[in-house]
Every structure is written in C-alpha cells, then in structure tokens.
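Novice: Got a file for you: coords16.cif, mmCIF, C-alpha atoms.
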```cif
data_query
#
loop_
_atom_site.label_atom_id
_atom_site.label_comp_id
_atom_site.auth_asym_id
_atom_site.auth_seq_id
_atom_site.Cartn_x
_atom_site.Cartn_y
_atom_site.Cartn_z
CA MET A 1 29.53 105.56 -74.47
CA GLY A 2 27.16 104.89 -77.37
CA GLY A 3 27.78 103.91 -80.97
CA ASP A 4 29.74 101.08 -82.54
CA ALA A 5 33.08 102.70 -81.70
CA GLY A 6 32.32 104.63 -78.51
CA PRO A 7 33.89 106.17 -76.53
CA GLY A 8 36.88 106.48 -78.88
CA MET A 9 34.74 107.88 -81.70
CA VAL A 10 33.08 110.36 -79.35
CA VAL A 11 36.39 111.67 -78.01
CA GLY A 12 37.97 111.81 -81.47
CA GLY A 13 34.92 113.56 -82.90
CA SER A 14 34.96 116.05 -80.04
CA ALA A 15 38.58 116.91 -80.78
CA LEU A 16 37.79 117.51 -84.45
CA ALA A 17 34.74 119.60 -83.56
CA ARG A 18 36.87 121.67 -81.17
CA GLU A 19 39.26 122.49 -84.02
CA ARG A 20 36.29 123.69 -86.07
CA HIS A 21 34.69 125.59 -83.17
CA PRO A 22 37.48 126.97 -80.95
CA ASN A 23 35.13 128.15 -78.17
CA LEU A 24 33.52 124.76 -77.71
CA ARG A 25 33.67 122.98 -74.34
CA PHE A 26 32.52 119.46 -73.45
CA LEU A 27 30.91 117.50 -70.67
CA LEU A 28 31.57 113.82 -71.30
CA PHE A 29 29.43 111.31 -69.42
CA GLY A 30 30.54 107.70 -69.07
CA ASP A 31 33.26 105.40 -67.77
CA GLU A 32 36.08 107.68 -66.63
CA ALA A 33 38.63 104.85 -66.76
CA LYS A 34 37.97 104.40 -70.47
CA ILE A 35 37.54 108.07 -71.37
CA THR A 36 40.52 109.70 -69.63
CA PRO A 37 43.28 107.77 -71.49
CA LEU A 38 41.66 108.72 -74.77
CA LEU A 39 41.70 112.42 -73.93
CA SER A 40 45.48 112.44 -73.62
CA ARG A 41 45.76 111.73 -77.35
CA TYR A 42 44.24 115.04 -78.39
CA ARG A 43 45.86 118.39 -77.69
CA ALA A 44 42.70 120.20 -78.80
CA LEU A 45 40.81 118.82 -75.79
CA ARG A 46 43.23 119.93 -73.10
CA GLY A 47 41.49 122.04 -70.50
CA VAL A 48 38.09 122.04 -72.25
CA VAL A 49 36.63 118.71 -71.08
CA GLU A 50 34.90 117.68 -67.86
CA VAL A 51 34.41 113.95 -67.39
CA HIS A 52 31.39 112.89 -65.33
CA HIS A 53 31.81 109.28 -64.30
CA THR A 54 29.02 106.72 -64.34
CA ASP A 55 29.07 102.96 -64.77
CA ASP A 56 25.47 102.86 -65.99
CA VAL A 57 25.06 102.71 -69.76
CA VAL A 58 21.95 102.34 -71.95
CA LYS A 59 22.46 99.33 -74.19
CA SER A 60 21.54 99.34 -77.87
CA THR A 61 19.10 96.49 -77.17
CA ASP A 62 17.27 98.27 -74.33
CA ARG A 63 13.67 99.24 -74.95
CA PRO A 64 12.80 102.91 -74.35
CA SER A 65 10.53 102.00 -71.42
CA GLN A 66 13.30 99.89 -69.91
CA ALA A 67 15.83 102.71 -70.32
CA LEU A 68 13.45 105.16 -68.65
CA ARG A 69 12.95 102.90 -65.64
CA GLN A 70 16.47 101.60 -65.17
CA GLY A 71 18.70 104.22 -66.77
CA ARG A 72 18.21 107.23 -64.52
CA ARG A 73 21.94 107.27 -63.69
CA SER A 74 23.03 106.27 -67.17
CA SER A 75 25.49 108.36 -69.17
CA MET A 76 22.71 109.23 -71.62
CA ARG A 77 20.24 110.43 -68.99
CA LEU A 78 22.84 112.43 -67.08
CA ALA A 79 23.90 114.16 -70.30
CA ILE A 80 20.29 115.05 -71.11
CA ASN A 81 19.78 116.32 -67.56
CA ALA A 82 22.77 118.63 -68.05
CA VAL A 83 20.90 120.27 -70.94
CA ALA A 84 17.64 120.46 -68.99
CA GLU A 85 19.43 122.10 -66.05
CA GLY A 86 21.25 124.62 -68.24
CA GLU A 87 24.73 123.17 -67.70
CA ALA A 88 25.10 122.35 -71.40
CA GLY A 89 23.74 123.88 -74.58
CA GLY A 90 22.87 120.56 -76.19
CA ILE A 91 23.44 116.82 -76.16
CA VAL A 92 24.92 114.69 -78.95
CA SER A 93 24.66 110.91 -78.61
CA ALA A 94 25.35 107.91 -80.82
CA GLY A 95 23.44 105.62 -78.50
CA ASN A 96 20.02 103.95 -78.53
CA THR A 97 17.69 106.15 -80.62
CA GLY A 98 14.46 105.15 -78.90
CA ALA A 99 15.94 105.67 -75.46
CA LEU A 100 17.41 109.04 -76.43
CA MET A 101 14.04 110.22 -77.74
CA ALA A 102 12.13 108.95 -74.71
CA MET A 103 14.56 110.42 -72.20
CA SER A 104 14.79 113.72 -74.07
CA LYS A 105 11.00 114.04 -74.09
CA ILE A 106 10.80 113.35 -70.35
CA ALA A 107 13.66 115.63 -69.30
CA LEU A 108 13.38 118.46 -71.82
CA LYS A 109 9.61 118.30 -72.44
CA SER A 110 7.78 119.45 -75.56
CA MET A 111 7.70 123.09 -76.60
CA PRO A 112 4.45 125.09 -76.30
CA GLY A 113 2.15 124.29 -79.22
CA ILE A 114 4.03 121.13 -80.21
CA ASP A 115 2.07 117.93 -79.67
CA ARG A 116 4.79 115.52 -80.81
CA PRO A 117 8.51 116.06 -81.35
CA ALA A 118 9.87 114.85 -84.69
CA ILE A 119 13.19 113.55 -85.98
CA CYS A 120 14.64 115.89 -88.61
CA GLY A 121 17.64 115.31 -90.85
CA PHE A 122 19.49 116.39 -93.99
CA LEU A 123 19.32 114.65 -97.35
CA PRO A 124 21.66 115.30 -100.32
CA THR A 125 19.76 116.41 -103.42
CA LEU A 126 20.43 117.63 -106.96
CA ARG A 127 20.11 121.20 -105.67
CA GLY A 128 22.26 120.75 -102.57
CA GLU A 129 20.61 119.71 -99.32
CA SER A 130 17.02 119.40 -98.16
CA VAL A 131 15.51 118.95 -94.72
CA MET A 132 13.09 116.09 -94.08
CA LEU A 133 10.90 115.23 -91.09
CA ASP A 134 9.57 113.12 -89.47
CA LEU A 135 12.13 110.34 -89.96
CA GLY A 136 10.65 107.84 -87.56
CA ALA A 137 9.46 109.28 -84.25
CA ASN A 138 5.72 109.28 -85.06
CA VAL A 139 4.20 106.47 -87.11
CA ASP A 140 0.71 107.99 -87.22
CA CYS A 141 0.17 111.73 -87.63
CA ASP A 142 -2.85 113.98 -88.04
CA GLN A 143 -3.04 117.27 -89.91
CA ASP A 144 -2.00 119.34 -86.87
CA ASN A 145 1.12 117.23 -86.38
CA LEU A 146 2.11 117.76 -90.02
CA VAL A 147 1.56 121.51 -89.80
CA GLN A 148 3.73 121.65 -86.68
CA PHE A 149 6.41 119.63 -88.48
CA ALA A 150 6.29 122.12 -91.35
CA ILE A 151 6.79 125.07 -89.01
CA MET A 152 9.68 123.39 -87.20
CA GLY A 153 11.29 122.17 -90.43
CA ALA A 154 11.13 125.63 -91.98
CA ALA A 155 12.70 127.19 -88.88
CA PHE A 156 15.43 124.55 -89.01
CA ALA A 157 16.12 125.29 -92.69
CA ARG A 158 16.29 129.03 -92.00
CA THR A 159 18.69 128.50 -89.13
CA ILE A 160 21.03 125.80 -90.45
CA LEU A 161 20.80 126.31 -94.22
CA GLY A 162 20.45 130.09 -94.06
CA LEU A 163 17.30 130.22 -96.19
CA PRO A 164 15.19 133.34 -95.44
CA ARG A 165 11.93 131.78 -96.65
CA PRO A 166 12.33 128.04 -97.33
CA THR A 167 9.90 126.13 -99.53
CA VAL A 168 7.91 123.36 -97.84
CA GLY A 169 6.29 120.33 -99.48
CA LEU A 170 4.02 117.63 -98.07
CA LEU A 171 5.00 114.12 -99.18
CA ASN A 172 2.06 112.53 -100.96
CA VAL A 173 1.15 109.91 -103.55
CA GLY A 174 0.54 112.61 -106.17
CA GLU A 175 0.65 116.36 -106.70
CA GLU A 176 -3.09 116.72 -107.34
CA GLU A 177 -5.19 118.31 -104.60
CA MET A 178 -7.65 115.43 -104.42
CA LYS A 179 -4.95 112.82 -103.73
CA GLY A 180 -3.75 111.63 -100.34
CA ASN A 181 -5.28 110.89 -96.97
CA GLU A 182 -7.25 113.32 -94.84
CA ALA A 183 -4.19 114.27 -92.79
CA VAL A 184 -2.11 115.56 -95.72
CA LYS A 185 -5.09 117.24 -97.38
CA GLY A 186 -6.06 118.93 -94.13
CA ALA A 187 -2.49 120.06 -93.48
CA ALA A 188 -2.24 121.46 -97.02
CA ALA A 189 -5.40 123.52 -96.51
CA ILE A 190 -4.01 125.02 -93.29
CA LEU A 191 -0.55 125.76 -94.73
CA ASN A 192 -2.07 127.39 -97.80
CA GLU A 193 -3.70 130.01 -95.58
CA ALA A 194 -1.11 130.31 -92.81
CA ASN A 195 0.95 133.49 -92.45
CA LEU A 196 4.35 131.94 -91.81
CA PRO A 197 7.99 132.58 -92.80
CA LEU A 198 7.85 129.82 -95.40
CA ARG A 199 6.55 129.22 -98.92
CA PHE A 200 4.18 126.29 -99.13
CA HIS A 201 4.85 124.45 -102.39
CA GLY A 202 2.04 121.92 -102.06
CA PHE A 203 2.34 118.17 -102.47
CA VAL A 204 5.58 116.47 -103.51
CA GLU A 205 6.17 112.86 -104.54
CA GLY A 206 8.94 110.42 -103.70
CA ASP A 207 11.16 111.39 -106.63
CA ASP A 208 10.96 115.05 -105.61
CA ILE A 209 13.03 114.27 -102.50
CA ALA A 210 16.22 113.55 -104.46
CA LYS A 211 15.45 116.32 -106.96
CA GLY A 212 15.39 118.87 -104.15
CA THR A 213 12.06 120.24 -105.35
CA THR A 214 11.50 121.81 -101.93
CA ASP A 215 13.85 122.85 -99.15
CA VAL A 216 11.74 121.00 -96.56
CA VAL A 217 9.86 117.72 -97.00
CA VAL A 218 7.19 116.97 -94.40
CA THR A 219 5.67 113.55 -93.76
CA ASP A 220 4.70 111.14 -91.01
CA GLY A 221 7.38 109.05 -89.33
CA PHE A 222 6.38 105.82 -91.05
CA SER A 223 6.69 107.19 -94.59
CA GLY A 224 9.72 109.28 -93.72
CA ASN A 225 11.68 106.37 -92.30
CA VAL A 226 10.80 104.13 -95.26
CA ALA A 227 11.85 106.87 -97.70
CA LEU A 228 15.13 107.45 -95.85
CA LYS A 229 16.06 103.76 -95.70
CA THR A 230 15.10 103.34 -99.36
CA MET A 231 17.42 106.17 -100.38
CA GLU A 232 20.25 104.75 -98.27
CA GLY A 233 19.75 101.31 -99.80
CA THR A 234 19.66 102.71 -103.33
CA ALA A 235 22.92 104.57 -102.74
CA LYS A 236 24.60 101.36 -101.55
CA LEU A 237 23.19 99.45 -104.52
CA PHE A 238 24.46 102.06 -106.95
CA SER A 239 27.89 101.98 -105.32
CA GLN A 240 28.04 98.19 -105.54
CA PHE A 241 26.98 98.25 -109.20
CA LEU A 242 29.78 100.72 -109.97
CA GLN A 243 32.39 98.59 -108.20
CA THR A 244 31.26 95.51 -110.09
CA ALA A 245 31.22 97.31 -113.43
CA PHE A 246 34.68 98.86 -113.02
CA GLY A 247 36.19 95.55 -111.92
CA HIS A 248 34.70 93.52 -114.76
CA SER A 249 37.66 93.61 -117.16
CA PHE A 250 41.03 95.19 -117.83
CA LEU A 251 39.45 97.94 -119.92
CA SER A 252 36.89 98.71 -117.24
CA LYS A 253 39.68 98.92 -114.65
CA LEU A 254 41.52 101.28 -116.96
CA GLY A 255 38.34 103.31 -117.28
CA TYR A 256 38.12 103.53 -113.52
CA THR A 257 41.66 104.86 -113.36
CA LEU A 258 40.71 107.65 -115.75
CA ALA A 259 37.44 108.34 -113.96
CA LYS A 260 38.88 108.12 -110.44
CA PRO A 261 38.95 111.90 -109.74
CA ALA A 262 35.29 112.18 -110.69
CA MET A 263 34.41 109.08 -108.67
CA MET A 264 36.19 110.45 -105.61
CA ALA A 265 34.27 113.71 -105.94
CA LEU A 266 31.02 111.75 -106.16
CA ARG A 267 31.94 109.70 -103.09
CA GLU A 268 32.70 112.89 -101.17
CA ARG A 269 29.38 114.42 -102.22
CA LEU A 270 27.40 111.39 -101.02
CA ASP A 271 29.51 110.67 -97.93
CA PRO A 272 26.98 110.13 -95.11
CA ARG A 273 29.48 111.49 -92.60
CA HIS A 274 28.86 114.98 -93.98
CA HIS A 275 25.09 114.69 -93.46
CA ASN A 276 25.15 112.98 -90.07
CA GLY A 277 22.85 114.09 -87.30
CA GLY A 278 19.16 113.52 -86.67
CA VAL A 279 17.64 116.33 -84.63
CA PHE A 280 14.75 115.90 -82.20
CA LEU A 281 12.75 119.03 -83.02
CA GLY A 282 9.96 120.24 -80.75
CA LEU A 283 11.77 119.90 -77.41
CA ASN A 284 12.86 122.63 -74.98
CA GLY A 285 16.47 121.83 -75.64
CA VAL A 286 18.90 120.69 -78.32
CA SER A 287 19.17 116.91 -78.70
CA VAL A 288 21.04 115.42 -81.67
CA LYS A 289 21.30 111.74 -82.57
CA SER A 290 24.43 110.61 -84.38
CA HIS A 291 24.34 107.41 -86.40
CA GLY A 292 25.87 104.64 -84.33
CA GLY A 293 28.13 103.48 -87.14
CA MET A 294 29.87 106.82 -87.68
CA ASP A 295 33.56 107.58 -87.21
CA ASP A 296 35.23 110.70 -85.76
CA VAL A 297 34.36 112.81 -88.81
CA GLY A 298 30.69 111.87 -88.74
CA PHE A 299 30.38 112.49 -85.01
CA ALA A 300 32.07 115.88 -85.39
CA THR A 301 29.44 116.76 -88.00
CA ALA A 302 26.67 115.96 -85.51
CA ILE A 303 28.38 118.09 -82.87
CA GLY A 304 28.66 120.95 -85.35
CA LEU A 305 24.95 120.69 -86.04
CA ALA A 306 24.20 121.04 -82.32
CA VAL A 307 26.57 124.02 -82.10
CA ASP A 308 24.76 125.81 -84.94
CA MET A 309 21.37 125.14 -83.38
CA VAL A 310 22.47 126.63 -80.07
CA ALA A 311 24.34 129.57 -81.59
CA ASP A 312 21.42 130.58 -83.81
CA ASP A 313 18.78 129.98 -81.10
CA LEU A 314 16.70 127.50 -83.09
CA ILE A 315 14.50 126.80 -80.05
CA GLY A 316 13.65 130.50 -79.81
CA ARG A 317 12.86 130.72 -83.52
CA ILE A 318 10.48 127.76 -83.40
CA THR A 319 8.83 129.17 -80.27
CA ALA A 320 8.26 132.52 -81.98
CA ASP A 321 6.91 130.91 -85.16
CA MET A 322 4.52 128.69 -83.20
CA ALA A 323 3.28 131.66 -81.19
CA GLU A 324 2.68 133.65 -84.38
CA PHE A 325 0.88 130.73 -86.00
CA SER A 326 -1.27 130.16 -82.90
CA HIS A 327 -2.20 133.85 -82.89
CA HIS A 328 -3.33 133.85 -86.51
CA ASP A 329 -5.07 130.51 -85.98
CA ALA A 330 -7.03 131.90 -83.04
CA VAL A 331 -7.89 135.04 -84.99
CA ARG A 332 -9.18 132.97 -87.90
CA ASP A 333 -11.20 130.68 -85.65
CA ASN A 334 -12.83 133.68 -83.95
CA GLY A 335 -13.63 135.30 -87.27
CA ILE A 336 -11.59 138.41 -86.45
CA ALA A 337 -9.05 139.91 -88.82
CA ASP A 338 -5.71 141.13 -87.53
CA ASP A 339 -6.95 144.72 -87.66
CA GLY A 340 -9.82 143.91 -85.27
CA VAL A 341 -12.49 143.85 -87.99
CA THR A 342 -14.66 140.75 -88.07
CA ASP A 343 -14.81 138.64 -91.21
CA ASP A 344 -18.50 139.51 -91.56
CA ASP A 345 -17.71 143.23 -91.40
CA ASP A 346 -14.94 142.74 -93.91
CA ASP A 347 -17.28 140.88 -96.25
CA GLU A 348 -19.87 143.64 -95.91
CA ALA A 349 -17.27 146.30 -96.68
CA ARG A 350 -16.19 144.41 -99.79
CA GLY A 351 -19.82 144.10 -100.83
CA GLN A 352 -20.34 147.85 -100.48
CA ALA A 353 -17.20 148.53 -102.49
CA ILE A 354 -18.41 146.26 -105.28
CA ALA A 355 -21.85 147.90 -105.21
#
```
Show me this structure written as structure tokens.
Specialist:
Amino acid sequence: MGGDAGPGMVVGGSALARERHPNLRFLLFGDEAKITPLLSRYRALRGVVEVHHTDDVVKSTDRPSQALRQGRRSSMRLAINAVAEGEAGGIVSAGNTGALMAMSKIALKSMPGIDRPAICGFLPTLRGESVMLDLGANVDCDQDNLVQFAIMGAAFARTILGLPRPTVGLLNVGEEEMKGNEAVKGAAAILNEANLPLRFHGFVEGDDIAKGTTDVVVTDGFSGNVALKTMEGTAKLFSQFLQTAFGHSFLSKLGYTLAKPAMMALRERLDPRHHNGGVFLGLNGVSVKSHGGMDDVGFATAIGLAVDMVADDLIGRITADMAEFSHHDAVRDNGIADDGVTDDDDDEARGQAIA
C-alpha cells in the first residue's frame, strides 16, 4: 500500500517482474477491495498472487517507534513476518523507510557478527555501476561497523554484479593514510590485513564515486546519504540546464533535434528506475526498499533485485564471509597463525632463516 502511487504501482510492477521472472509468485498485503480490481488488469498475475487483507497501513508520516507500537497488523509488518516465517523469500516495499528498517530489524534480526544493518544501493558511474553503503541507516559508525559494511558490500557486489573479487574503497576526505577520522583509519588498517574475497583499494574521495574508482564505496550513513542526495540533485540540475539551453533559441532547438538520439540514450543511462532498490544488508532475510516516487518499471526493478538476492543466496554468502573473517580475526588476536604456529614461533623461525 506504500509509495506515491500504491497499490496500483505495486501491482503493475509485480506484473512486469513476473514477465521477467516467470517462476515468481506474490503475497500482496493490504486492502483487498483496492487490490483485487487491479489484479484483473494483468494476465501475467493470474493464479500467482495471494492477497492478504488488512486495513492497517503504516503512513509515510509515522515515526518508526510509532509504527512498531501501532502497526503490528499493518500491511508492512505482516509482509515482513511472512519473510521471517519462511512464507516468502523477501519483501519489497515502497512505504515508510524508517518503519521498514525498524520492523525488519525486529522481525528478521541482525545476522551473526553484524552489529548494525546498513542500507545499500546502486549508483551509475563512468565504469558502469558501483555499490555504496551505508546510505542513511547509521549516522555514527565505528571502525568495526565500517569493516562489516565492507564485507557485506563486497558480497552484494559479487552476488548482484557478478564480480569475483570486487574492489572496496573507504570514503574519506583524502587518499593519504594520515587523513580522516579514527573510524576510517582503523577500518583501513583492518581491511588491509583481512583475508577476504575482496580487494581493498584504500581511501576514495567524493569524485571517485561517479568515476567508479571502486566497485564498492563504504561510508557511514550520514556521509552516504549526503553524497547520494548531492548526486541526485546534481543530476536534476544538469538536466534542467540542458532543457534551458536547448530551448533558448531556434538554433538550439534545431540542435536538440539533431542530438535527440544521444540525449535519449543519456536519459536511459541515468534513469533512476533502472537503479531503484535500497537493500537492508545485515538482516536474516531479504528486505528491499523501493523509492516511493517510482512507477511500475522502477518497482519491478526493486522486485528483480530481491529475486536475485534470494536466488543467489546473498544471506548465506554474507554469513560465510563474516564467519571466515571472525575466524581470522580470532586467530590474529590470539597470536596464532592458521597453521597452528604462534606468531612468536613464526618470528623465531624467520630469524633463524635469516641467520
């Protein structure tokens, strides 16, 4: 029932997603009287949808704490419960972001080794697409949070982008090692030594995001959200400047006519509908947030993202990576190498070899 155009956008997006993923089935939670007439418009949804009626809906203005207390029978909470109880592989919602995060954390709970779930999303870059997290869930983060974000982001990039060993960068105010706060410097030190299925690039700056310098950009939720909104605003500004320039005179309008194919290709490349879907990583279940202003195409993109996460067992991959990291972390803290030899013994052996 969420989003600016729900439930019509949700039903239409589901139909489009079903055409892309023929084995997909849906549980739709909300007002049955509003949903059922919409279903009759789409042949692709015949026989593959179960409607679970509820009158209770989380409003866009509800605070997360309010939604938790009063929305236990809401469409959002019931949908999340379906994931927690194994009735559904994942939830996609265009509703209240804070409420979706809070309810998902309560119902699905954090994965072992993850202190705080993070919001992860795609960004278009000069090289294609990059993954960035956190995009707003955690304003303040310490070095352990950032390391966990890096592990989750790399697993996400391997799963969704098909990158065997994605590069990871920590967003900072400079590339030099001495720059940044203690959290980013501490996280960099840990990632430099960690044995993980990723390549740690080091620090990246704001302009590296659009360049696509790394496959994964890791930062705290405050900086990540500011960076995301800045990029969105810049894209709108650039679009407005182009419209103004091409409409300035007869010659400029003629120029637009000649450049229209290229402009349409650019619009398609930057279309936010093709990058829609913020993922709550770090939970024991798939939870995807669609932008509330999306149409059918954008919502179908978010559904497709959830489908890929379930099909490729992203939760299992993150769990395995965290377990491997925790093992090596414990070994390092205890001063024992993976072969059972202590660091002191190893140092002594190296000393004898040198002698």
Novice: Please identify all polymer residues within 12 Å of Pro197 (chain A), counting all atoms listed in the file, omitting same-chain residues fewer than 4 positions from it, and present them as a ChimeraX atom specification.
Specialist: /A:150-158,163-168,191,317-318,320-322,324-325
Novice: Given the file shown, enumerate the residues that the PyMOL selection byres ((chain A and resi 101-108) around 7) captures and present them as a CSV table (one decimal) with C-alpha atoms, keeping the file's coordinate frame.
Specialist:
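Contents of expr07.csv, as written:
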```csv
chain,number,residue,atom,x,y,z
A,64,PRO,CA,12.8,102.9,-74.4
A,68,LEU,CA,13.4,105.2,-68.6
A,77,ARG,CA,20.2,110.4,-69.0
A,80,ILE,CA,20.3,115.0,-71.1
A,81,ASN,CA,19.8,116.3,-67.6
A,84,ALA,CA,17.6,120.5,-69.0
A,97,THR,CA,17.7,106.2,-80.6
A,98,GLY,CA,14.5,105.2,-78.9
A,99,ALA,CA,15.9,105.7,-75.5
A,100,LEU,CA,17.4,109.0,-76.4
A,109,LYS,CA,9.6,118.3,-72.4
A,110,SER,CA,7.8,119.4,-75.6
A,283,LEU,CA,11.8,119.9,-77.4
A,284,ASN,CA,12.9,122.6,-75.0
A,285,GLY,CA,16.5,121.8,-75.6
```
Novice: Just give me the gap between CA of Gly278 (chain A) and CA of Ala227 (chain A) in Å, one decimal is fine.
Specialist: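 Rounded to one decimal, the two atoms are 14.8 Å apart.
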Novice: Quick one, how far is CA of Glu176 (chain A) from CA of Val226 (chain A)?
Specialist: 22.3 Å
Novice: Can you tell me which residues surround Leu228 (chain A) at a distance of at most 10 Å, considering all atoms listed in the file, apart from same-chain residues fewer than 5 positions away, and format the answer as a list of chain:residue names?
Specialist: A:Gly121, A:Leu123, A:Met132, A:Leu135, A:Gly136, A:Ile209, A:Ser223, A:Gly233, A:Thr234
Novice: Given the file shown, determine the residues that the PyMOL selection byres ((chain A and resi 287) around 6) selects; report them as a list in words.
Specialist: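 This file gives the following for the PyMOL selection byres ((chain A and resi 287) around 6): Gly90, Ile91, Phe280, Val286 and Val288 of chain A.
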Novice: Nearest to Arg18 (chain A): which of A:Phe250, A:Tyr42, A:Tyr256, A:Phe122 is it, counting all atoms listed in the file?
Specialist: A:Tyr42
Novice: Mind pulling up the distance from CA of Thr244 (chain A) to CA of Asn225 (chain A)?
Specialist: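 Spanning CA of Asn225 (chain A) to CA of Thr244 (chain A) is a straight-line distance of 28.6 Å.
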Novice: Which residue, A:Asp56, A:Asp296, A:Asp208, A:Glu19, has the smallest gap to Ser130 (chain A) when you use only C-alpha atoms?
Specialist: A:Asp208
Novice: I'd like the residues picked by the PyMOL selection byres ((chain A and resi 92) around 12) written out as a ChimeraX atom specification, using the chain letters and numbers from the file.
Specialist: /A:1-3,10-11,13-14,17,26-29,75-77,79-80,82-83,88-91,93-97,100-101,104,276-280,285-292,298-307,309
Novice: Just want the 12 Å neighbourhood of Ala189 (chain A), counted on only C-alpha atoms, with same-chain residues fewer than 2 positions away dropped. Output as a ChimeraX atom specification.
Specialist: /A:143-144,146-147,170,177-178,182-187,191-194,200-203
Novice: Excluding same-chain residues fewer than 6 positions from region 34-37 of chain A, what lies within 8 Å of it counting all atoms listed in the file, as a PyMOL selection string?
Specialist: chain A and resi 7-8+11+51
Novice: Select, from A:Arg63, A:Arg25, A:Arg267, A:Lys253, the residue with the minimum atom-to-atom distance to Glu50 (chain A), counting all atoms listed in the file.
Specialist: A:Arg25
Novice: Using all atoms listed in the file, can you tell me which of A:Val204, A:Asp134, A:Gln148, A:Asn23 comes closest to Pro112 (chain A)?
Specialist: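 Result for the nearest residue to Pro112 (chain A): A:Gln148.
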Novice: Under the rule that all atoms listed in the file are counted, which of A:Arg116, A:Gly30, A:Pro22, A:Asp308 is the nearest residue to Leu45 (chain A)?
Specialist: A:Pro22
Novice: Select, counting all atoms listed in the file, all protein, DNA and RNA residues no farther than 9 Å from (17.7, 116.8, -107.7) in file coordinates, and express the selection as a short mmCIF file (atom, residue, chain, number, x, y, z; two decimals) with C-alpha atoms, in the frame of the given file.
Specialist:
```
data_model
loop_
_atom_site.label_atom_id
_atom_site.label_comp_id
_atom_site.auth_asym_id
_atom_site.auth_seq_id
_atom_site.Cartn_x
_atom_site.Cartn_y
_atom_site.Cartn_z
CA PRO A 124 21.66 115.30 -100.32
CA THR A 125 19.76 116.41 -103.42
CA LEU A 126 20.43 117.63 -106.96
CA ARG A 127 20.11 121.20 -105.67
CA GLY A 128 22.26 120.75 -102.57
CA ASP A 207 11.16 111.39 -106.63
CA ASP A 208 10.96 115.05 -105.61
CA ILE A 209 13.03 114.27 -102.50
CA ALA A 210 16.22 113.55 -104.46
CA LYS A 211 15.45 116.32 -106.96
CA GLY A 212 15.39 118.87 -104.15
CA THR A 213 12.06 120.24 -105.35
#
```
Novice: Check the smallest atom-to-atom distance from each of A:Thr230, A:Thr214, A:Gln243, A:Ser65 to Lys260 (chain A) using all atoms listed in the file, then report the winner.
Specialist: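 With all atoms listed in the file as the atom set, the closest residue is A:Gln243.
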